[in-house]
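**Student:** Below is the file data.pdb, which contains PDB, C-alpha atoms and all ligand atoms.
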```
ATOM      1  CA  MET A1396      16.275 -31.229   8.500  1.00  0.00           C
ATOM      2  CA  SER A1397      18.054 -32.722   5.514  1.00  0.00           C
ATOM      3  CA  GLU A1398      20.745 -30.897   3.607  1.00  0.00           C
ATOM      4  CA  ASN A1399      18.315 -30.601   0.690  1.00  0.00           C
ATOM      5  CA  GLU A1400      15.941 -28.448   2.672  1.00  0.00           C
ATOM      6  CA  THR A1401      15.904 -25.061   4.326  1.00  0.00           C
ATOM      7  CA  TYR A1402      13.444 -23.674   6.834  1.00  0.00           C
ATOM      8  CA  SER A1403      12.979 -20.035   7.708  1.00  0.00           C
ATOM      9  CA  THR A1404      10.314 -17.817   9.224  1.00  0.00           C
ATOM     10  CA  GLU A1405      11.999 -14.776   7.657  1.00  0.00           C
ATOM     11  CA  GLY A1406      11.617 -15.680   4.008  1.00  0.00           C
ATOM     12  CA  PRO A1407      12.209 -18.412   1.421  1.00  0.00           C
ATOM     13  CA  LYS A1408      15.830 -19.540   1.482  1.00  0.00           C
ATOM     14  CA  CYS A1409      17.489 -21.154  -1.521  1.00  0.00           C
ATOM     15  CA  PRO A1410      18.386 -24.800  -0.677  1.00  0.00           C
ATOM     16  CA  PHE A1411      21.327 -24.628  -3.106  1.00  0.00           C
ATOM     17  CA  CYS A1412      23.194 -21.502  -2.075  1.00  0.00           C
ATOM     18  CA  GLY A1413      21.419 -20.288   1.068  1.00  0.00           C
ATOM     19  CA  ASN A1414      20.310 -17.000  -0.497  1.00  0.00           C
ATOM     20  CA  GLU A1415      17.305 -15.737   1.494  1.00  0.00           C
ATOM     21  CA  PHE A1416      14.539 -13.763  -0.174  1.00  0.00           C
ATOM     22  CA  THR A1417      12.882 -10.814   1.510  1.00  0.00           C
ATOM     23  CA  PRO A1418       9.140 -11.582   1.387  1.00  0.00           C
ATOM     24  CA  ASP A1419       8.154  -8.061   0.405  1.00  0.00           C
ATOM     25  CA  GLU A1420       5.333  -8.932  -1.977  1.00  0.00           C
ATOM     26  CA  ALA A1421       1.961 -10.483  -1.192  1.00  0.00           C
ATOM     27  CA  HIS A1422       2.569 -13.583  -3.316  1.00  0.00           C
ATOM     28  CA  TYR A1423       5.268 -14.822  -0.928  1.00  0.00           C
ATOM     29  CA  PHE A1424       2.513 -15.429   1.624  1.00  0.00           C
ATOM     30  CA  ASP A1425       0.214 -17.313  -0.685  1.00  0.00           C
ATOM     31  CA  GLU A1426      -0.089 -20.913   0.440  1.00  0.00           C
ATOM     32  CA  MET A1427      -1.865 -22.095  -2.682  1.00  0.00           C
ATOM     33  CA  ARG A1428      -0.061 -20.528  -5.606  1.00  0.00           C
ATOM     34  CA  TYR A1429       3.466 -19.877  -4.389  1.00  0.00           C
ATOM     35  CA  THR A1430       4.976 -23.302  -4.922  1.00  0.00           C
ATOM     36  CA  SER A1431       8.247 -22.685  -6.738  1.00  0.00           C
ATOM     37  CA  GLU A1432      10.996 -20.115  -6.964  1.00  0.00           C
ATOM     38  CA  THR A1433      14.055 -19.348  -9.021  1.00  0.00           C
ATOM     39  CA  CYS A1434      17.002 -18.179  -6.959  1.00  0.00           C
ATOM     40  CA  ASP A1435      18.150 -14.735  -8.037  1.00  0.00           C
ATOM     41  CA  SER A1436      21.604 -15.520  -6.705  1.00  0.00           C
ATOM     42  CA  CYS A1437      22.482 -18.947  -8.167  1.00  0.00           C
ATOM     43  CA  GLY A1438      19.704 -19.224 -10.752  1.00  0.00           C
ATOM     44  CA  LYS A1439      18.486 -22.656  -9.675  1.00  0.00           C
ATOM     45  CA  ASP A1440      14.833 -23.631  -9.303  1.00  0.00           C
ATOM     46  CA  PHE A1441      13.446 -25.052  -6.095  1.00  0.00           C
ATOM     47  CA  ASP A1442      10.075 -26.000  -4.615  1.00  0.00           C
ATOM     48  CA  VAL A1443       8.454 -23.912  -1.883  1.00  0.00           C
ATOM     49  CA  ASP A1444       5.912 -24.896   0.750  1.00  0.00           C
ATOM     50  CA  VAL A1445       4.315 -21.919   2.478  1.00  0.00           C
ATOM     51  CA  TYR A1446       2.743 -22.345   5.862  1.00  0.00           C
ATOM     52  CA  THR A1447       0.831 -19.369   7.178  1.00  0.00           C
ATOM     53  CA  GLN A1448      -0.130 -19.274  10.815  1.00  0.00           C
ATOM     54  CA  THR A1449      -2.873 -16.924  11.858  1.00  0.00           C
ATOM     55  CA  SER A1450      -3.772 -15.809  15.341  1.00  0.00           C
ATOM     56  CA  TRP A1451      -5.892 -13.098  16.891  1.00  0.00           C
ATOM     57  CA  THR A1452      -5.215 -11.228  20.085  1.00  0.00           C
ATOM     58  CA  CYS A1453      -8.173  -9.366  21.543  1.00  0.00           C
ATOM     59  CA  THR A1454      -8.115  -7.000  24.482  1.00  0.00           C
ATOM     60  CA  LYS A1455     -10.728  -4.876  26.205  1.00  0.00           C
ATOM     61  CA  PRO A1456     -10.332  -1.230  25.245  1.00  0.00           C
ATOM     62  CA  SER A1457      -9.186   1.058  28.028  1.00  0.00           C
ATOM     63  CA  PRO A1458     -11.958   3.326  29.411  1.00  0.00           C
ATOM     64  CA  GLN A1459     -10.271   6.406  27.954  1.00  0.00           C
ATOM     65  CA  GLN A1460     -10.139   4.943  24.473  1.00  0.00           C
ATOM     66  CA  HIS A1461     -13.770   4.077  24.821  1.00  0.00           C
ATOM     67  CA  ARG A1462     -14.738   7.654  25.497  1.00  0.00           C
ATOM     68  CA  ASP A1463     -12.506   9.555  23.087  1.00  0.00           C
ATOM     69  CA  GLU A1464     -12.145   7.414  20.054  1.00  0.00           C
ATOM     70  CA  PRO A1465     -14.461   6.481  17.252  1.00  0.00           C
ATOM     71  CA  PRO A1466     -15.341   2.796  16.946  1.00  0.00           C
ATOM     72  CA  LEU A1467     -12.712   0.622  15.331  1.00  0.00           C
ATOM     73  CA  SER A1468     -12.963   0.761  11.608  1.00  0.00           C
ATOM     74  CA  ARG A1469     -11.041  -1.494   9.299  1.00  0.00           C
ATOM     75  CA  SER A1470      -8.520   1.203   8.574  1.00  0.00           C
ATOM     76  CA  ASN A1471      -8.075   2.022  12.245  1.00  0.00           C
ATOM     77  CA  GLU A1472      -7.486  -1.577  12.962  1.00  0.00           C
ATOM     78  CA  LEU A1473      -4.896  -1.813  10.220  1.00  0.00           C
ATOM     79  CA  GLU A1474      -3.295   1.322  11.559  1.00  0.00           C
ATOM     80  CA  ARG A1475      -3.041  -0.281  14.964  1.00  0.00           C
ATOM     81  CA  VAL A1476      -1.415  -3.374  13.545  1.00  0.00           C
ATOM     82  CA  MET A1477       0.939  -1.203  11.582  1.00  0.00           C
ATOM     83  CA  MET A1478       1.959   0.726  14.666  1.00  0.00           C
ATOM     84  CA  ASP A1479       2.632  -2.405  16.620  1.00  0.00           C
ATOM     85  CA  GLY A1480       6.055  -2.130  18.182  1.00  0.00           C
ATOM     86  CA  ALA A1481       6.402   1.548  17.406  1.00  0.00           C
ATOM     87  CA  SER A1482       6.505   4.130  20.123  1.00  0.00           C
ATOM     88  CA  VAL A1483       4.583   7.337  19.766  1.00  0.00           C
ATOM     89  CA  CYS A1484       6.785  10.312  20.513  1.00  0.00           C
ATOM     90  CA  ASN A1485       5.731  13.910  20.516  1.00  0.00           C
ATOM     91  CA  THR A1486       8.983  15.725  20.185  1.00  0.00           C
ATOM     92  CA  PRO A1487       8.082  19.389  19.780  1.00  0.00           C
ATOM     93  CA  GLU A1488      10.841  20.403  17.379  1.00  0.00           C
ATOM     94  CA  ARG A1489      10.904  17.871  14.566  1.00  0.00           C
ATOM     95  CA  LYS A1490      13.597  18.080  11.959  1.00  0.00           C
ATOM     96  CA  ALA A1491      12.653  17.707   8.356  1.00  0.00           C
ATOM     97  CA  TYR A1492      14.373  14.844   6.610  1.00  0.00           C
ATOM     98  CA  ASP A1493      16.668  16.086   3.904  1.00  0.00           C
ATOM     99  CA  MET A1494      16.324  13.201   1.503  1.00  0.00           C
ATOM    100  CA  LYS A1495      14.415  12.099  -1.552  1.00  0.00           C
ATOM    101  CA  LEU A1496      12.299   8.973  -1.942  1.00  0.00           C
ATOM    102  CA  LYS A1497      11.212   7.534  -5.250  1.00  0.00           C
ATOM    103  CA  THR A1498       8.746   4.949  -6.509  1.00  0.00           C
ATOM    104  CA  GLY A1499      10.132   1.440  -6.136  1.00  0.00           C
ATOM    105  CA  ASP A1500      12.477   2.189  -3.228  1.00  0.00           C
ATOM    106  CA  ARG A1501      12.424  -0.271  -0.376  1.00  0.00           C
ATOM    107  CA  ILE A1502      12.217   1.553   2.911  1.00  0.00           C
ATOM    108  CA  LYS A1503      12.987  -0.020   6.270  1.00  0.00           C
ATOM    109  CA  PHE A1504      11.683   1.650   9.428  1.00  0.00           C
ATOM    110  CA  ALA A1505      13.370   0.936  12.748  1.00  0.00           C
ATOM    111  CA  ALA A1506      10.120   0.000  14.478  1.00  0.00           C
ATOM    112  CA  GLU A1507       9.054  -2.616  11.931  1.00  0.00           C
ATOM    113  CA  LYS A1508      10.790  -5.763  10.822  1.00  0.00           C
ATOM    114  CA  GLN A1509       9.509  -5.957   7.280  1.00  0.00           C
ATOM    115  CA  PRO A1510      10.416  -3.223   4.779  1.00  0.00           C
ATOM    116  CA  TYR A1511       7.830  -1.228   2.856  1.00  0.00           C
ATOM    117  CA  ARG A1512       7.864  -0.408  -0.830  1.00  0.00           C
ATOM    118  CA  VAL A1513       7.543   3.227  -1.897  1.00  0.00           C
ATOM    119  CA  ARG A1514       4.550   3.225  -4.242  1.00  0.00           C
ATOM    120  CA  VAL A1515       4.600   6.913  -5.099  1.00  0.00           C
ATOM    121  CA  ALA A1516       6.484   9.931  -3.799  1.00  0.00           C
ATOM    122  CA  ASP A1517       6.993  13.632  -4.301  1.00  0.00           C
ATOM    123  CA  ASP A1518       9.451  15.954  -2.528  1.00  0.00           C
ATOM    124  CA  ARG A1519       7.424  15.825   0.676  1.00  0.00           C
ATOM    125  CA  PHE A1520       5.251  12.706   0.811  1.00  0.00           C
ATOM    126  CA  ALA A1521       5.801   9.014   0.142  1.00  0.00           C
ATOM    127  CA  VAL A1522       2.995   6.454   0.211  1.00  0.00           C
ATOM    128  CA  CYS A1523       4.468   3.088   1.163  1.00  0.00           C
ATOM    129  CA  THR A1524       2.915  -0.370   1.444  1.00  0.00           C
ATOM    130  CA  LYS A1525       3.900  -3.834   2.577  1.00  0.00           C
ATOM    131  CA  PRO A1526       1.992  -7.115   2.293  1.00  0.00           C
ATOM    132  CA  PHE A1527      -0.398  -8.012   5.078  1.00  0.00           C
ATOM    133  CA  ASN A1528      -0.711 -11.740   4.643  1.00  0.00           C
ATOM    134  CA  LEU A1529      -3.430 -12.292   7.234  1.00  0.00           C
ATOM    135  CA  ARG A1530      -5.937 -10.516   5.026  1.00  0.00           C
ATOM    136  CA  LYS A1531      -4.330 -10.809   1.619  1.00  0.00           C
ATOM    137  CA  THR A1532      -4.099  -7.051   1.456  1.00  0.00           C
ATOM    138  CA  VAL A1533      -1.469  -4.435   2.259  1.00  0.00           C
ATOM    139  CA  LEU A1534      -0.540  -2.225   5.136  1.00  0.00           C
ATOM    140  CA  TYR A1535       0.331   1.318   4.241  1.00  0.00           C
ATOM    141  CA  THR A1536       2.164   4.156   5.888  1.00  0.00           C
ATOM    142  CA  ILE A1537       2.488   7.721   4.655  1.00  0.00           C
ATOM    143  CA  VAL A1538       5.872   9.376   5.110  1.00  0.00           C
ATOM    144  CA  ASP A1539       5.855  13.149   5.556  1.00  0.00           C
ATOM    145  CA  LEU A1540       9.472  14.262   5.155  1.00  0.00           C
ATOM    146  CA  GLU A1541       8.624  17.877   5.915  1.00  0.00           C
ATOM    147  CA  GLN A1542       7.103  17.133   9.295  1.00  0.00           C
ATOM    148  CA  GLY A1543       9.360  14.168  10.025  1.00  0.00           C
ATOM    149  CA  VAL A1544       6.495  11.813  10.790  1.00  0.00           C
ATOM    150  CA  ARG A1545       4.724   8.797   9.333  1.00  0.00           C
ATOM    151  CA  GLY A1546       1.453   6.994   9.846  1.00  0.00           C
ATOM    152  CA  ALA A1547      -1.902   6.231   8.303  1.00  0.00           C
ATOM    153  CA  ASP A1548      -4.097   9.002   6.950  1.00  0.00           C
ATOM    154  CA  ASP A1549      -6.456  10.887   9.233  1.00  0.00           C
ATOM    155  CA  ARG A1550      -9.660   9.353   7.898  1.00  0.00           C
ATOM    156  CA  ILE A1551     -11.730   6.856   9.844  1.00  0.00           C
ATOM    157  CA  PHE A1552     -12.769   5.268   6.575  1.00  0.00           C
ATOM    158  CA  SER A1553      -9.746   5.487   4.331  1.00  0.00           C
ATOM    159  CA  GLU A1554      -9.813   5.178   0.589  1.00  0.00           C
ATOM    160  CA  GLY A1555      -7.947   2.129  -0.647  1.00  0.00           C
ATOM    161  CA  TYR A1556      -4.175   1.863  -0.697  1.00  0.00           C
ATOM    162  CA  GLU A1557      -3.777  -1.167  -2.908  1.00  0.00           C
ATOM    163  CA  THR A1558      -3.910  -0.326  -6.606  1.00  0.00           C
ATOM    164  CA  ASP A1559      -1.597   2.137  -8.345  1.00  0.00           C
ATOM    165  CA  GLU A1560      -4.662   4.256  -9.103  1.00  0.00           C
ATOM    166  CA  GLU A1561      -5.651   4.399  -5.425  1.00  0.00           C
ATOM    167  CA  ILE A1562      -2.085   5.243  -4.435  1.00  0.00           C
ATOM    168  CA  ALA A1563      -1.905   8.040  -7.032  1.00  0.00           C
ATOM    169  CA  GLN A1564      -5.198   9.448  -5.740  1.00  0.00           C
ATOM    170  CA  ALA A1565      -3.884   9.358  -2.171  1.00  0.00           C
ATOM    171  CA  LEU A1566      -0.843  11.438  -3.161  1.00  0.00           C
ATOM    172  CA  LYS A1567      -3.092  13.985  -4.886  1.00  0.00           C
ATOM    173  CA  ARG A1568      -5.232  14.285  -1.781  1.00  0.00           C
ATOM    174  CA  LEU A1569      -2.142  14.708   0.401  1.00  0.00           C
ATOM    175  CA  GLN A1570      -0.798  17.417  -1.928  1.00  0.00           C
ATOM    176  CA  ALA A1571      -4.182  19.183  -1.864  1.00  0.00           C
ATOM    177  CA  GLY A1572      -4.309  19.020   1.932  1.00  0.00           C
ATOM    178  CA  GLU A1573      -7.512  16.959   1.877  1.00  0.00           C
ATOM    179  CA  ILE A1574      -5.870  14.282   3.995  1.00  0.00           C
ATOM    180  CA  GLU A1575      -2.779  14.256   6.175  1.00  0.00           C
ATOM    181  CA  VAL A1576      -0.865  11.841   8.366  1.00  0.00           C
ATOM    182  CA  SER A1577      -3.057  10.971  11.345  1.00  0.00           C
ATOM    183  CA  ARG A1578      -2.212  13.227  14.264  1.00  0.00           C
ATOM    184  CA  ARG A1579      -3.490  10.663  16.718  1.00  0.00           C
ATOM    185  CA  ASN A1580      -1.305   7.757  15.663  1.00  0.00           C
ATOM    186  CA  ARG A1581       1.642   9.294  13.882  1.00  0.00           C
ATOM    187  CA  VAL A1582       5.143   8.312  14.910  1.00  0.00           C
ATOM    188  CA  ASP A1583       8.414  10.138  14.491  1.00  0.00           C
ATOM    189  CA  LEU A1584      10.020   9.183  11.216  1.00  0.00           C
ATOM    190  CA  ASP A1585      12.346   6.232  11.888  1.00  0.00           C
ATOM    191  CA  ILE A1586      13.854   5.476   8.487  1.00  0.00           C
ATOM    192  CA  GLU A1587      16.619   2.954   8.983  1.00  0.00           C
ATOM    193  CA  ARG A1588      17.583   2.545   5.362  1.00  0.00           C
ATOM    194  CA  VAL A1589      16.372   3.027   1.816  1.00  0.00           C
ATOM    195  CA  TYR A1590      17.579   0.591  -0.816  1.00  0.00           C
TER
HETATM  196 ZN    ZN B1601      20.498 -20.011  -4.770  1.00  0.00          ZN
END
```
Let's see the structure in the file written out as structure tokens.

**Tutor:**
Amino acid sequence: MSENETYSTEGPKCPFCGNEFTPDEAHYFDEMRYTSETCDSCGKDFDVDVYTQTSWTCTKPSPQQHRDEPPLSRSNELERVMMDGASVCNTPERKAYDMKLKTGDRIKFAAEKQPYRVRVADDRFAVCTKPFNLRKTVLYTIVDLEQGVRGADDRIFSEGYETDEEIAQALKRLQAGEIEVSRRNRVDLDIERVY
């Protein structure tokens, strides 16, 4: 590698000053249209080549899953990807998180490498998304501060979680009790930092 070039699997890294960007928006994963960047640290422009590698891992479902669970829907599948690396704990006495989240916050969970963005929040709930480059969409997770858990909603066929309108609707439905964090796949809240 020449001194004019940087390589990283974590995010674009400025070849002038070494500042590394957190790829927390979908456009960072776009191979066709993300071709240049301006460093927010040193202000210089540089060219970017994005290479996206895609792979699929398929496994036979366990017999128990086969019997008890509905067939994999798109949202279920996303939920599974989202939960990858997280451990499901069922601690009986969960402590409510005494903190506030607001729209625009970045939120890093211990079980996942890439931070989410808080799209909308009230005192109890926060709907958070992060880019899912394999499908040019987003992964979402709903934080429930009162119950100290997070996860996808409890619907087999979820409404969308991409546009601001969809996100606003999701919060309304959470507040009305029409949907809640999935009981089957929720994980204990593992907020590492909010920034
Ligand atoms: Zn720079």

**Student:** Which residue, A:Ile1562, A:Val1589, A:Met1494, A:Ala1506, has the smallest gap to Val1533 (chain A) when you use only C-alpha atoms?

**Tutor:**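 Closest residue, counting only C-alpha atoms: A:Ile1562.
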
**Student:** What do you get, as a PyMOL selection string, if you spell out every residue that the PyMOL selection byres (((chain A and resi 1567-1569) around 10) and not hetatm) selects here?

**Tutor:** chain A and resi 1519-1522+1537+1539+1548+1561-1566+1570-1576

**Student:** Rounded to one decimal place, report the CA of Val1443 (chain A)-CA of Ser1431 (chain A) distance in Å.

**Tutor:** 5.0 Å

**Student:** If the PyMOL selection byres (((chain A and resi 1582) around 6) and not hetatm) were run on this exact file, what residues would it hold? Put them as a PyMOL selection string.

**Tutor:** chain A and resi 1483+1544-1545+1581+1583

**Student:** Excluding region 1410-1417 of chain A and its own-chain neighbours fewer than 4 positions away, which residues fall within 9 Å of it when counting all atoms listed in the file? Please give them as a ChimeraX atom specification.

**Tutor:** /A:1398-1401,1403,1405-1406,1423,1434-1437,1439,1441,1509-1510

**Student:** Take the PyMOL selection byres (((chain A and resi 1493) around 10) and not hetatm), apply it to the structure above, and return the hits as a list in words.

**Tutor:**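 Taken on the displayed file, the PyMOL selection byres (((chain A and resi 1493) around 10) and not hetatm) yields the residues Lys1490, Ala1491, Tyr1492, Met1494, Lys1495, Asp1518, Arg1519, Leu1540, Glu1541 and Gly1543 of chain A.
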
**Student:** Since the input lacks some atoms of region 1505-1516 of chain A, please model N, CA and C atoms and print them as a tab-separated table (two decimals), in the coordinates of the input.

**Tutor:**
```
chain	number	residue	atom	x	y	z
A	1505	ALA	N	12.77	1.59	11.59
A	1505	ALA	CA	13.37	0.94	12.75
A	1505	ALA	C	12.34	0.13	13.54
A	1506	ALA	N	11.12	0.63	13.62
A	1506	ALA	CA	10.12	0.00	14.48
A	1506	ALA	C	9.48	-1.24	13.87
A	1507	GLU	N	9.71	-1.49	12.58
A	1507	GLU	CA	9.05	-2.62	11.93
A	1507	GLU	C	10.08	-3.49	11.23
A	1508	LYS	N	9.83	-4.80	11.32
A	1508	LYS	CA	10.79	-5.76	10.82
A	1508	LYS	C	10.82	-5.82	9.29
A	1509	GLN	N	9.63	-5.76	8.72
A	1509	GLN	CA	9.51	-5.96	7.28
A	1509	GLN	C	9.57	-4.61	6.55
A	1510	PRO	N	10.35	-4.50	5.49
A	1510	PRO	CA	10.42	-3.22	4.78
A	1510	PRO	C	9.14	-2.93	4.00
A	1511	TYR	N	8.92	-1.67	3.72
A	1511	TYR	CA	7.83	-1.23	2.86
A	1511	TYR	C	8.40	-0.95	1.47
A	1512	ARG	N	7.50	-0.83	0.51
A	1512	ARG	CA	7.86	-0.41	-0.83
A	1512	ARG	C	7.26	0.97	-1.06
A	1513	VAL	N	8.07	1.90	-1.55
A	1513	VAL	CA	7.54	3.23	-1.90
A	1513	VAL	C	6.72	3.09	-3.17
A	1514	ARG	N	5.44	3.38	-3.08
A	1514	ARG	CA	4.55	3.22	-4.24
A	1514	ARG	C	4.49	4.50	-5.07
A	1515	VAL	N	4.57	5.64	-4.40
A	1515	VAL	CA	4.60	6.91	-5.10
A	1515	VAL	C	5.20	7.93	-4.14
A	1516	ALA	N	5.86	8.94	-4.68
A	1516	ALA	CA	6.48	9.93	-3.80
A	1516	ALA	C	6.61	11.25	-4.53
```
